[in-house]
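**Q** Sharing target-v2.csv, CSV, C-alpha atoms:
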chain,number,residue,atom,x,y,z
S,291,MET,CA,0.0,0.0,0.0
S,292,HIS,CA,1.4,3.4,-1.0
S,293,LYS,CA,1.5,5.9,1.8
S,294,LEU,CA,2.5,9.5,2.1
S,295,ILE,CA,4.7,9.9,5.1
S,296,ALA,CA,4.6,13.3,6.6
S,297,THR,CA,8.0,14.6,7.7
S,298,ILE,CA,8.2,16.6,10.9
S,299,LEU,CA,10.9,19.2,10.9
S,300,THR,CA,12.1,21.5,13.6
S,301,LEU,CA,12.7,25.2,12.6
S,302,GLY,CA,16.2,26.4,13.4
S,303,THR,CA,17.8,23.0,13.6
S,304,MET,CA,19.5,20.7,11.1
S,305,ALA,CA,18.4,17.1,11.1
S,306,ALA,CA,21.0,14.4,11.9
S,307,ALA,CA,21.5,11.6,9.5
S,308,SER,CA,19.0,8.8,9.9
S,309,PRO,CA,20.3,5.2,9.9
S,310,THR,CA,21.5,4.1,6.4
S,311,ARG,CA,19.6,1.2,4.9
S,312,ARG,CA,21.6,-1.7,3.3
S,313,GLY,CA,21.8,-1.3,-0.4
S,314,CYS,CA,20.9,2.4,-0.3
S,315,GLN,CA,24.1,4.0,1.1
S,316,THR,CA,25.1,7.5,0.2
S,317,SER,CA,28.4,9.3,-0.2
S,318,SER,CA,29.1,12.1,2.3
S,319,THR,CA,30.7,15.0,0.4
S,320,THR,CA,28.9,17.3,-2.0
S,321,LYS,CA,29.1,20.9,-2.9
S,322,LEU,CA,25.9,22.7,-3.9
S,323,ILE,CA,24.8,25.9,-5.6
S,324,ILE,CA,21.5,27.5,-4.6
S,325,GLY,CA,19.5,30.2,-6.3
S,326,ALA,CA,17.0,32.3,-4.3
S,327,PRO,CA,15.5,35.8,-4.5
S,328,PHE,CA,18.3,38.4,-4.2
S,329,GLN,CA,21.0,35.8,-3.7
S,330,ILE,CA,23.1,32.9,-5.0
S,331,LEU,CA,24.6,30.6,-2.3
S,332,THR,CA,27.1,27.9,-2.2
S,333,ALA,CA,26.9,25.1,0.4
S,334,ASN,CA,28.7,22.0,1.6
S,335,PHE,CA,26.8,18.9,2.5
S,336,ASP,CA,28.8,16.4,4.5
S,337,GLY,CA,26.2,13.6,4.6
S,338,LYS,CA,24.6,14.9,7.8
S,339,GLN,CA,24.1,18.6,7.5
S,340,PHE,CA,24.3,21.6,5.2
S,341,SER,CA,26.6,24.6,5.8
S,342,ILE,CA,26.6,27.8,3.7
S,343,THR,CA,30.1,28.6,2.3
S,344,GLY,CA,29.4,31.5,0.0
S,345,ASN,CA,26.9,34.2,-0.6
S,346,HIS,CA,26.5,36.7,-3.5
S,347,THR,CA,23.6,39.1,-2.8
S,348,GLU,CA,22.2,41.6,-5.3
S,349,VAL,CA,18.9,43.2,-4.2
S,350,GLY,CA,16.1,42.9,-6.8
S,351,THR,CA,17.5,39.9,-8.7
S,352,ALA,CA,15.9,36.5,-9.1
S,353,PRO,CA,18.5,33.9,-10.1
S,354,SER,CA,16.0,31.1,-10.4
S,355,TRP,CA,18.0,29.0,-12.8
S,356,ILE,CA,21.8,28.4,-12.9
S,357,ARG,CA,23.8,26.5,-15.4
S,358,ASN,CA,27.4,25.5,-14.7
S,359,ILE,CA,29.8,25.3,-17.7
S,360,ASP,CA,32.4,23.7,-15.3
S,361,ALA,CA,32.8,23.4,-11.6
S,362,SER,CA,33.9,27.0,-11.0
S,363,THR,CA,32.0,28.8,-13.8
S,364,PHE,CA,28.3,29.3,-14.2
S,365,TYR,CA,25.6,31.4,-15.8
S,366,ALA,CA,22.6,32.7,-13.8
S,367,VAL,CA,19.4,34.2,-15.0
S,368,ASN,CA,17.6,37.1,-13.5
S,369,GLU,CA,13.9,36.3,-13.8
S,370,ASN,CA,13.0,39.8,-12.7
S,371,ALA,CA,14.9,41.6,-15.6
S,372,ASN,CA,16.7,40.9,-18.8
S,373,ASP,CA,20.3,40.4,-17.6
S,374,LEU,CA,22.3,37.2,-17.9
S,375,SER,CA,25.3,36.9,-15.6
S,376,LEU,CA,28.5,34.9,-15.8
S,377,PHE,CA,30.2,34.1,-12.5
S,378,LYS,CA,33.5,32.5,-11.6
S,379,LEU,CA,34.1,30.8,-8.2
S,380,ASP,CA,37.4,30.5,-6.4
S,381,ALA,CA,39.1,27.2,-5.7
S,382,GLY,CA,37.1,26.8,-2.5
S,383,LEU,CA,33.8,27.4,-4.5
S,384,SER,CA,32.9,30.1,-2.0
S,385,LYS,CA,33.9,33.5,-3.4
S,386,PHE,CA,32.0,34.9,-6.3
S,387,ASP,CA,33.5,37.0,-9.2
S,388,LEU,CA,31.0,38.6,-11.6
S,389,ALA,CA,32.9,38.0,-14.8
S,390,ALA,CA,30.2,39.4,-17.2
S,391,SER,CA,26.7,40.7,-17.4
S,392,VAL,CA,24.9,40.9,-20.7
S,393,ASN,CA,21.3,41.7,-21.8
S,394,GLY,CA,18.9,39.4,-23.6
S,395,SER,CA,15.2,38.7,-23.2
S,396,SER,CA,13.4,39.5,-19.9
S,397,GLY,CA,12.1,36.9,-17.6
S,398,VAL,CA,14.4,34.0,-18.5
S,399,VAL,CA,13.7,30.9,-16.3
S,400,PHE,CA,15.8,28.1,-17.8
S,401,LEU,CA,19.1,27.7,-19.5
S,402,GLU,CA,20.4,24.7,-21.5
S,403,PHE,CA,23.7,24.0,-23.4
S,404,ASN,CA,24.1,22.2,-26.7
S,405,SER,CA,26.1,19.0,-26.6
S,406,ASN,CA,29.5,20.6,-26.7
S,407,LYS,CA,28.6,23.7,-24.6
S,408,THR,CA,29.3,26.2,-27.4
S,409,ARG,CA,25.7,27.4,-27.6
S,410,MET,CA,23.2,28.0,-24.8
S,411,VAL,CA,19.4,28.4,-25.1
S,412,GLY,CA,17.3,30.4,-22.7
S,413,ALA,CA,13.6,30.1,-22.2
S,414,ALA,CA,12.1,33.6,-21.5
S,415,TYR,CA,8.9,33.0,-19.7
S,416,GLY,CA,8.4,36.7,-19.1
S,417,ASN,CA,9.0,37.9,-22.7
S,418,GLY,CA,7.5,35.0,-24.7
S,419,THR,CA,10.8,34.4,-26.5
S,420,VAL,CA,13.8,32.1,-26.7
S,421,ASP,CA,17.4,33.4,-26.7
S,422,VAL,CA,20.3,31.6,-28.4
S,423,TRP,CA,23.7,32.5,-27.0
S,424,ASP,CA,27.2,31.8,-28.3
S,425,VAL,CA,29.3,30.7,-25.3
S,426,SER,CA,32.3,29.4,-27.2
S,427,ALA,CA,34.7,32.1,-26.2
S,428,ALA,CA,37.7,31.2,-24.1
S,429,ASP,CA,36.4,33.4,-21.3
S,430,HIS,CA,32.9,32.0,-21.7
S,431,LYS,CA,31.4,35.5,-22.1
S,432,PRO,CA,28.0,35.0,-23.8
S,433,LYS,CA,27.2,36.7,-27.1
S,434,LEU,CA,23.5,36.9,-28.2
S,435,LEU,CA,23.1,35.2,-31.6
S,436,LYS,CA,19.3,35.5,-32.0
S,437,THR,CA,16.0,35.9,-30.2
S,438,LEU,CA,13.0,33.9,-31.5
S,439,PRO,CA,9.4,34.8,-30.7
S,440,ILE,CA,7.2,31.9,-29.9
S,441,PRO,CA,4.9,31.2,-32.9
S,442,GLY,CA,1.2,30.7,-32.9
S,443,GLN,CA,-1.6,32.0,-30.6
S,444,PRO,CA,-1.4,31.7,-26.8
S,445,ASN,CA,-4.0,30.3,-24.6
S,446,PRO,CA,-6.6,33.1,-24.2
S,447,ALA,CA,-6.7,32.5,-20.4
S,448,GLN,CA,-2.9,33.1,-20.3
S,449,GLY,CA,-2.9,36.0,-22.7
S,450,ALA,CA,0.8,35.5,-23.7
S,451,HIS,CA,3.3,32.8,-24.6
S,452,HIS,CA,5.4,31.6,-21.6
S,453,PRO,CA,8.2,29.3,-22.6
S,454,HIS,CA,9.3,27.6,-19.4
S,455,GLN,CA,12.0,25.2,-20.4
S,456,ALA,CA,14.5,24.5,-23.3
S,457,LEU,CA,15.7,20.9,-23.1
S,458,LEU,CA,18.3,19.2,-25.4
S,459,ASP,CA,17.1,16.0,-26.9
S,460,PRO,CA,19.0,12.7,-26.8
S,461,THR,CA,20.4,13.2,-30.4
S,462,GLY,CA,21.9,16.5,-29.5
S,463,ARG,CA,20.3,18.2,-32.4
S,464,PHE,CA,16.9,19.5,-31.2
S,465,PHE,CA,15.8,21.6,-28.2
S,466,VAL,CA,12.3,21.0,-26.9
S,467,ILE,CA,10.5,24.1,-25.6
S,468,ASN,CA,7.7,23.7,-23.2
S,469,ASN,CA,5.4,26.7,-23.8
S,470,LEU,CA,3.2,27.0,-20.7
S,471,GLY,CA,1.2,30.0,-22.1
S,472,GLY,CA,0.4,28.4,-25.5
S,473,ASP,CA,-0.2,24.7,-24.5
S,474,THR,CA,2.4,23.6,-27.0
S,475,ILE,CA,5.7,21.7,-27.1
S,476,LEU,CA,7.9,23.3,-29.7
S,477,VAL,CA,10.8,21.7,-31.5
S,478,LEU,CA,13.9,24.0,-32.1
S,479,ASP,CA,16.3,22.6,-34.7
S,480,SER,CA,19.9,23.6,-34.1
S,481,LYS,CA,21.4,22.0,-37.2
S,482,ASP,CA,24.0,24.1,-38.9
S,483,ASP,CA,23.5,26.8,-36.2
S,484,LYS,CA,20.1,27.8,-37.8
S,485,PHE,CA,18.0,27.4,-34.6
S,486,GLU,CA,14.6,27.4,-36.3
S,487,PHE,CA,11.3,26.1,-35.0
S,488,THR,CA,10.4,23.0,-37.2
S,489,GLY,CA,7.5,21.4,-35.3
S,490,ASN,CA,5.2,21.4,-32.3
S,491,ALA,CA,2.8,19.2,-30.4
S,492,THR,CA,-0.5,20.8,-29.3
S,493,LEU,CA,-1.9,19.9,-25.9
S,494,PRO,CA,-5.4,20.4,-24.5
S,495,THR,CA,-6.2,24.0,-23.7
S,496,GLY,CA,-5.3,24.8,-20.1
S,497,THR,CA,-2.6,22.2,-19.8
S,498,GLY,CA,0.3,24.6,-19.1
S,499,PRO,CA,3.4,22.5,-20.0
S,500,ARG,CA,6.2,23.3,-17.6
S,501,HIS,CA,9.1,20.9,-17.3
S,502,GLY,CA,9.9,17.6,-18.9
S,503,GLY,CA,12.6,15.0,-19.4
S,504,PHE,CA,13.8,12.5,-22.0
S,505,ILE,CA,13.9,8.7,-21.5
S,506,THR,CA,15.8,6.3,-23.8
S,507,ALA,CA,14.9,2.7,-23.2
S,508,GLY,CA,14.5,-0.5,-25.3
S,509,GLY,CA,15.9,1.3,-28.4
S,510,LYS,CA,13.2,4.0,-28.2
S,511,HIS,CA,13.1,7.6,-27.2
S,512,TYR,CA,10.4,9.0,-24.9
S,513,TYR,CA,9.4,12.4,-23.5
S,514,THR,CA,7.6,12.9,-20.2
S,515,LEU,CA,6.1,16.2,-19.3
S,516,ALA,CA,4.7,17.7,-16.1
S,517,SER,CA,2.0,20.4,-16.7
S,518,GLU,CA,1.6,23.2,-14.2
S,519,LEU,CA,-2.0,24.2,-14.9
S,520,SER,CA,-3.7,20.8,-15.2
S,521,ASN,CA,-1.3,18.8,-13.0
S,522,LYS,CA,-1.1,16.1,-15.7
S,523,LEU,CA,1.9,13.9,-16.4
S,524,PHE,CA,2.2,13.0,-20.1
S,525,LEU,CA,4.3,10.2,-21.6
S,526,PHE,CA,5.1,10.4,-25.4
S,527,GLU,CA,7.0,8.1,-27.7
S,528,LEU,CA,9.1,10.1,-30.1
S,529,LYS,CA,9.5,9.6,-33.8
S,530,TYR,CA,12.2,11.5,-35.7
S,531,THR,CA,11.8,12.9,-39.2
S,532,ALA,CA,14.3,14.7,-41.4
S,533,ASP,CA,13.9,18.0,-39.5
S,534,THR,CA,11.7,17.6,-36.4
S,535,ILE,CA,10.3,15.3,-33.7
S,536,VAL,CA,6.8,13.9,-33.7
S,537,PHE,CA,5.2,13.3,-30.3
S,538,ASN,CA,2.9,10.3,-30.0
S,539,GLN,CA,1.0,10.3,-26.7
S,540,LEU,CA,1.0,7.1,-24.8
S,541,GLN,CA,-0.4,8.1,-21.4
S,542,ILE,CA,-1.8,11.0,-19.3
S,543,GLN,CA,-2.3,10.8,-15.6
S,544,SER,CA,-2.2,13.0,-12.5
S,545,THR,CA,1.2,14.3,-11.4
S,546,TYR,CA,0.1,13.3,-7.9
S,547,GLY,CA,-0.3,9.7,-8.8
S,548,GLY,CA,-2.5,8.0,-6.2
S,549,MET,CA,-2.2,10.8,-3.6
S,550,PRO,CA,-4.4,13.7,-4.8
S,551,PRO,CA,-3.9,17.2,-3.4
S,552,ALA,CA,-6.1,18.7,-0.7
S,553,ASN,CA,-6.8,21.6,-3.0
S,554,ALA,CA,-6.9,20.6,-6.7
S,555,THR,CA,-7.7,24.2,-7.7
S,556,SER,CA,-4.5,25.8,-6.4
S,557,ALA,CA,-2.2,22.8,-7.1
S,558,ALA,CA,0.6,23.4,-9.6
S,559,ALA,CA,3.2,20.9,-10.6
S,560,GLY,CA,6.8,22.2,-10.5
S,561,GLU,CA,9.9,20.2,-11.4
S,562,LEU,CA,10.4,16.9,-13.2
S,563,GLN,CA,13.6,14.8,-13.1
S,564,VAL,CA,14.5,11.6,-15.0
S,565,ALA,CA,17.1,9.5,-13.2
S,566,ALA,CA,20.2,8.4,-15.2
S,567,ASN,CA,18.9,4.8,-15.2
S,568,GLN,CA,16.2,6.0,-17.6
S,569,ARG,CA,13.6,4.4,-15.5
S,570,ASP,CA,12.7,6.5,-12.5
S,571,VAL,CA,10.8,9.8,-12.9
S,572,TYR,CA,10.1,12.3,-10.1
S,573,VAL,CA,7.7,15.2,-10.1
S,574,SER,CA,7.4,17.9,-7.5
S,575,ASN,CA,3.8,19.1,-6.7
S,576,ARG,CA,3.3,22.6,-5.2
S,577,ILE,CA,0.5,24.6,-3.6
S,578,SER,CA,-1.4,21.4,-2.9
S,579,GLY,CA,-3.3,22.6,0.2
S,580,ASN,CA,-1.5,20.0,2.3
S,581,GLU,CA,0.6,20.9,5.3
S,582,THR,CA,3.7,20.3,3.2
S,583,ASP,CA,4.1,19.7,-0.5
S,584,SER,CA,5.5,16.6,-2.1
S,585,ILE,CA,7.5,14.6,-4.7
S,586,ALA,CA,5.8,11.8,-6.6
S,587,HIS,CA,7.9,8.8,-7.9
S,588,PHE,CA,6.9,7.0,-11.1
S,589,VAL,CA,8.6,4.1,-13.0
S,590,LEU,CA,8.7,3.4,-16.7
S,591,SER,CA,6.9,0.1,-17.3
S,592,LYS,CA,9.0,-2.8,-18.8
S,593,ASN,CA,7.1,-2.5,-22.1
S,594,GLY,CA,7.6,1.2,-22.2
S,595,THR,CA,3.9,2.1,-22.5
S,596,SER,CA,3.3,3.8,-19.1
S,597,LEU,CA,4.7,5.5,-16.1
S,598,ASP,CA,3.5,3.7,-13.0
S,599,TRP,CA,3.2,5.6,-9.8
S,600,GLN,CA,5.2,4.1,-6.9
S,601,ASP,CA,5.0,6.4,-3.9
S,602,THR,CA,5.0,10.0,-2.7
S,603,ILE,CA,7.0,11.8,0.0
S,604,SER,CA,6.8,15.1,1.7
S,605,THR,CA,9.4,17.7,0.9
S,606,GLY,CA,9.3,19.1,4.4
S,607,GLY,CA,8.3,22.5,3.2
S,608,VAL,CA,6.0,24.1,0.6
S,609,ARG,CA,6.4,25.2,-3.0
S,610,PRO,CA,9.3,22.9,-4.1
S,611,ARG,CA,9.9,24.8,-7.3
S,612,MET,CA,13.0,22.8,-8.1
S,613,PHE,CA,14.8,19.7,-7.0
S,614,SER,CA,17.7,17.7,-8.4
S,615,LEU,CA,19.5,14.4,-8.1
S,616,SER,CA,23.1,14.1,-7.0
S,617,THR,CA,25.8,13.5,-9.6
S,618,ASP,CA,27.4,10.3,-8.2
S,619,GLU,CA,26.9,7.2,-10.3
S,620,LYS,CA,24.0,5.8,-8.3
S,621,GLN,CA,22.4,9.2,-7.8
S,622,SER,CA,22.1,8.4,-4.1
S,623,LEU,CA,20.6,11.7,-3.0
S,624,ALA,CA,17.8,14.1,-4.0
S,625,PHE,CA,18.2,17.8,-3.0
S,626,VAL,CA,15.0,19.9,-2.7
S,627,ALA,CA,14.6,23.6,-2.8
S,628,ASN,CA,11.4,24.7,-0.9
S,629,GLN,CA,10.3,28.3,-1.4
S,630,GLY,CA,8.4,28.2,1.9
S,631,GLY,CA,7.6,26.1,5.0
S,632,GLU,CA,9.9,25.0,7.7
S,633,ALA,CA,12.7,23.4,5.6
S,634,GLY,CA,14.1,25.6,2.9
S,635,LEU,CA,16.5,23.0,1.8
S,636,ALA,CA,16.3,19.2,2.3
S,637,ALA,CA,18.3,16.1,1.3
S,638,PHE,CA,16.7,12.7,0.9
S,639,LYS,CA,18.4,9.4,0.3
S,640,ARG,CA,17.5,7.6,-2.9
S,641,CYS,CA,17.8,3.9,-3.2
S,642,PRO,CA,19.4,3.1,-6.6
S,643,ASP,CA,17.8,-0.3,-6.9
S,644,SER,CA,14.2,0.7,-6.4
S,645,GLY,CA,14.4,4.4,-7.0
S,646,LYS,CA,12.5,5.1,-3.8
S,647,LEU,CA,13.2,8.3,-1.9
S,648,ASP,CA,13.5,7.8,1.8
S,649,PRO,CA,10.7,9.9,3.4
S,650,THR,CA,12.9,10.8,6.4
S,651,PRO,CA,15.4,13.5,5.2
S,652,VAL,CA,19.1,13.0,5.8
S,653,ALA,CA,19.3,16.7,6.6
S,654,THR,CA,17.4,19.9,6.4
S,655,MET,CA,18.2,23.6,6.6
S,656,PRO,CA,15.6,26.0,8.0
S,657,TYR,CA,13.8,28.3,5.5
S,658,SER,CA,14.5,31.4,7.6
S,659,THR,CA,18.3,30.9,7.3
S,660,LEU,CA,18.1,30.9,3.5
S,661,VAL,CA,16.1,34.0,2.9
S,662,ALA,CA,17.8,37.3,2.0
S,663,PRO,CA,17.5,39.8,5.0
S,664,ALA,CA,15.6,42.3,2.8
S,665,LEU,CA,12.9,39.7,2.2
S,666,ALA,CA,12.6,38.3,5.7
S,667,ALA,CA,9.1,39.7,6.1
S,668,THR,CA,7.9,38.4,2.7
S,669,ASP,CA,6.4,34.9,2.3
S,670,PHE,CA,7.8,32.3,0.0
S,671,MET,CA,11.2,33.8,-0.6
S,672,GLY,CA,13.2,30.6,0.0
S,673,PRO,CA,15.4,28.8,-2.5
S,674,GLN,CA,14.2,28.4,-6.1
S,675,PHE,CA,17.1,26.2,-7.3
S,676,VAL,CA,19.6,23.7,-5.9
S,677,GLN,CA,22.1,21.5,-7.7
S,678,GLN,CA,25.3,19.7,-7.0
S,679,ILE,CA,28.4,21.5,-8.5
Please, can you express the file's structure as structure tokens?

**A**
Amino acid sequence: MHKLIATILTLGTMAAASPTRRGCQTSSTTKLIIGAPFQILTANFDGKQFSITGNHTEVGTAPSWIRNIDASTFYAVNENANDLSLFKLDAGLSKFDLAASVNGSSGVVFLEFNSNKTRMVGAAYGNGTVDVWDVSAADHKPKLLKTLPIPGQPNPAQGAHHPHQALLDPTGRFFVINNLGGDTILVLDSKDDKFEFTGNATLPTGTGPRHGGFITAGGKHYYTLASELSNKLFLFELKYTADTIVFNQLQIQSTYGGMPPANATSAAAGELQVAANQRDVYVSNRISGNETDSIAHFVLSKNGTSLDWQDTISTGGVRPRMFSLSTDEKQSLAFVANQGGEAGLAAFKRCPDSGKLDPTPVATMPYSTLVAPALAATDFMGPQFVQQI
């Protein structure tokens, strides 16, 4: 029987490590980068607790997505404006140097490299456009190559296109753009540096496609998508033509699996992650009306026709906009960024055999310690991004 196990967390303390289960052991040293309103943080995680090691604060900014080109160099968006920043970290990954700041579209919320990290695509939710950057220079300073408006008509209820993600496909040629405002999945062809839209999949009105992930299994390519407005999880089998991707829908179900939210009206799916084993899929569910929000775990069926819900755990906080898996071979940890609630940051053990997330966190960090001082009196100003460096 699947059960949602509530996690009780104490504000102002860090949880000690819980006993490690056989077959699901974790490594103990990781370095993290965290994006939150007004600040970018670096942190160490020693297997038992988090400790902040660096802080870059700039009032008014929203670095809600970060993309590392290497361990000490990364790009950060500013969701509140149109600037893209290039930072370099010292050897200890704690001191920040702003190496460059350039202007592109406003309201970018996602960045993705091409396969050799010479181009970077940004999804501008706020501006309804997609930016293509040349990042091939020796110093990695970005140069804007082109800005593409999203084609077609937006959902009338949204009033504008809102691209929320640009994701490189398994072949390394196409970027898939989830257009939350237009209920479409767009295909951007990067062949010969043209970066042109060559196809799309149209979803039911009011779907709100947000984040997805590719799966390659049994010699086939799949795409799974979490939708923010309808809280639906899609599974598509992909077919490739000469210049685009065709999406054949196999399944649609709730992002909550078998544990529906207390408030289906406010609920909004957030992040989706596919594990490196190309089997386990995780979706964060936000604004659920429950005491805490959650991450649901699904598994690709052996015949590749469905994603089967396994279980759901509490994130220990609310509004888990983003979470990520650790970079060790077994991806033995999941790191969660909660924008509100008691735990602003949480780490959960992941069993590589079953893919199950342990509902008892290895460690948490209080929300209040992760909020910029200027925003201390404002709700939901906790981390929006967390990833291992």

**Q** Using the file's own x, y and z axes, so that the box edges lie along x, y and z, what centre and edge lengths in Å (one decimal) does a box around every listed atom of stretch 327-334 of chain S get when 8 Å is added on each side? Give it as lines of an AutoDock Vina configuration file.

**A**
center_x = 22.1
center_y = 30.2
center_z = -1.7
size_x = 29.2
size_y = 32.4
size_z = 22.6

**Q** Within 10 Å of S:Thr506, counting only C-alpha atoms, which residues show up once you throw out same-chain ones fewer than 4 positions away? Write them as a list in words, please.

**A** Pro460, Lys510, His511, Tyr512, Tyr513, Glu527, Leu528, Ala566, Asn567, Gln568, Arg569 and Gly594 of chain S

**Q** How many Å separate atom CA of S:Ala413 from atom CA of S:Ala361?

**A** 22.9 Å

**Q** Do you know which residues lie at most 10 Å from (23.4, 33.6, -23.5), with coordinates as in the file and only C-alpha atoms counted, and could you write them as a PyMOL selection string?

**A** chain S and resi 365-367+373-376+391-395+401-403+409-412+421-425+430-436

**Q** Using only C-alpha atoms, can you tell me which of S:Gln539, S:Ser354, S:Asn593, S:Thr534 comes closest to S:Gly509?

**A**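 Closest candidate: S:Asn593.
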
**Q** Give me the residues near S:Ser596 as a PyMOL selection string, where near means some atom within 10 Å (using all atoms listed in the file) and where sequence neighbours in that chain fewer than 5 positions away do not count.

**A** chain S and resi 524-526+540-543+588-591

**Q** With a distance cut-off of 10 Å and all atoms listed in the file, select the neighbouring residues of S:Asp570, excluding the residue or stretch itself and same-chain residues fewer than 4 positions from it, and output the selection as a PyMOL selection string.

**A** chain S and resi 505+563-566+587-591+597-600+642+644-646

**Q** Provide the atom CA of S:Leu515 to atom CA of S:Gly579 distance in Å, to one decimal place.

**A**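 Interatomic distance, atom CA of S:Leu515 to atom CA of S:Gly579: 22.6 Å.
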
**Q** Considering only C-alpha atoms, return as a PDB file with C-alpha atoms, keeping the file's coordinate frame whatever protein or nucleic-acid residues lie within 12 Å of S:Gln677, sequence-local ones (same chain, fewer than 2 positions apart) excluded.

**A**
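Listed below is the output, part-v8.pdb:
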ATOM      1  CA  THR S 320      28.900  17.300  -2.000  1.00  0.00           C
ATOM      2  CA  LYS S 321      29.100  20.900  -2.900  1.00  0.00           C
ATOM      3  CA  LEU S 322      25.900  22.700  -3.900  1.00  0.00           C
ATOM      4  CA  ILE S 323      24.800  25.900  -5.600  1.00  0.00           C
ATOM      5  CA  ILE S 324      21.500  27.500  -4.600  1.00  0.00           C
ATOM      6  CA  GLY S 325      19.500  30.200  -6.300  1.00  0.00           C
ATOM      7  CA  ILE S 330      23.100  32.900  -5.000  1.00  0.00           C
ATOM      8  CA  LEU S 331      24.600  30.600  -2.300  1.00  0.00           C
ATOM      9  CA  THR S 332      27.100  27.900  -2.200  1.00  0.00           C
ATOM     10  CA  ALA S 333      26.900  25.100   0.400  1.00  0.00           C
ATOM     11  CA  ASN S 334      28.700  22.000   1.600  1.00  0.00           C
ATOM     12  CA  PHE S 335      26.800  18.900   2.500  1.00  0.00           C
ATOM     13  CA  SER S 354      16.000  31.100 -10.400  1.00  0.00           C
ATOM     14  CA  TRP S 355      18.000  29.000 -12.800  1.00  0.00           C
ATOM     15  CA  ILE S 356      21.800  28.400 -12.900  1.00  0.00           C
ATOM     16  CA  ARG S 357      23.800  26.500 -15.400  1.00  0.00           C
ATOM     17  CA  ASN S 358      27.400  25.500 -14.700  1.00  0.00           C
ATOM     18  CA  ALA S 361      32.800  23.400 -11.600  1.00  0.00           C
ATOM     19  CA  PHE S 364      28.300  29.300 -14.200  1.00  0.00           C
ATOM     20  CA  MET S 612      13.000  22.800  -8.100  1.00  0.00           C
ATOM     21  CA  PHE S 613      14.800  19.700  -7.000  1.00  0.00           C
ATOM     22  CA  SER S 614      17.700  17.700  -8.400  1.00  0.00           C
ATOM     23  CA  LEU S 615      19.500  14.400  -8.100  1.00  0.00           C
ATOM     24  CA  SER S 616      23.100  14.100  -7.000  1.00  0.00           C
ATOM     25  CA  THR S 617      25.800  13.500  -9.600  1.00  0.00           C
ATOM     26  CA  LEU S 623      20.600  11.700  -3.000  1.00  0.00           C
ATOM     27  CA  ALA S 624      17.800  14.100  -4.000  1.00  0.00           C
ATOM     28  CA  PHE S 625      18.200  17.800  -3.000  1.00  0.00           C
ATOM     29  CA  VAL S 626      15.000  19.900  -2.700  1.00  0.00           C
ATOM     30  CA  ALA S 627      14.600  23.600  -2.800  1.00  0.00           C
ATOM     31  CA  LEU S 635      16.500  23.000   1.800  1.00  0.00           C
ATOM     32  CA  ALA S 636      16.300  19.200   2.300  1.00  0.00           C
ATOM     33  CA  ALA S 637      18.300  16.100   1.300  1.00  0.00           C
ATOM     34  CA  PRO S 673      15.400  28.800  -2.500  1.00  0.00           C
ATOM     35  CA  GLN S 674      14.200  28.400  -6.100  1.00  0.00           C
ATOM     36  CA  PHE S 675      17.100  26.200  -7.300  1.00  0.00           C
ATOM     37  CA  ILE S 679      28.400  21.500  -8.500  1.00  0.00           C
TER      38      ILE S 679
END

**Q** Which residues are close to S:Gly472, i.e. within 8 Å by only C-alpha atoms, leaving aside same-chain residues fewer than 4 positions away? Reply as an NGL selection string.

**A** :S and (442-445 or 448 or 450-452 or 498)

**Q** Which residue is closest to S:Glu619? Choose from S:Gln329, S:Val652, S:Arg640, S:Pro550 and count all atoms listed in the file.

**A**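 The closest residue to S:Glu619 is S:Arg640.
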
**Q** What does the distance between atom CA of S:Gly560 and atom CA of S:Ile603 come to in Å, to one decimal place?

**A**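 Taking atom CA of S:Gly560 and atom CA of S:Ile603, their separation equals 14.8 Å.
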
**Q** Which of these, S:Pro551, S:Arg611, S:Pro499, S:Val477, has the shortest distance to S:Thr531 once you count all atoms listed in the file?

**A**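 Ranked by minimum distance to S:Thr531, first place goes to S:Val477.
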
**Q** Counting all atoms listed in the file, which of S:Gly489, S:Asn417, S:Arg576, S:Ala662 gets nearest to S:His346?

**A** S:Ala662

**Q** For S:Leu470, which of S:Leu458, S:Ala666, S:Leu388, S:Ala559 is the closest residue, counting all atoms listed in the file?

**A**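 Going through S:Leu458, S:Ala666, S:Leu388, S:Ala559 one by one, the smallest distance to S:Leu470 is for S:Ala559.
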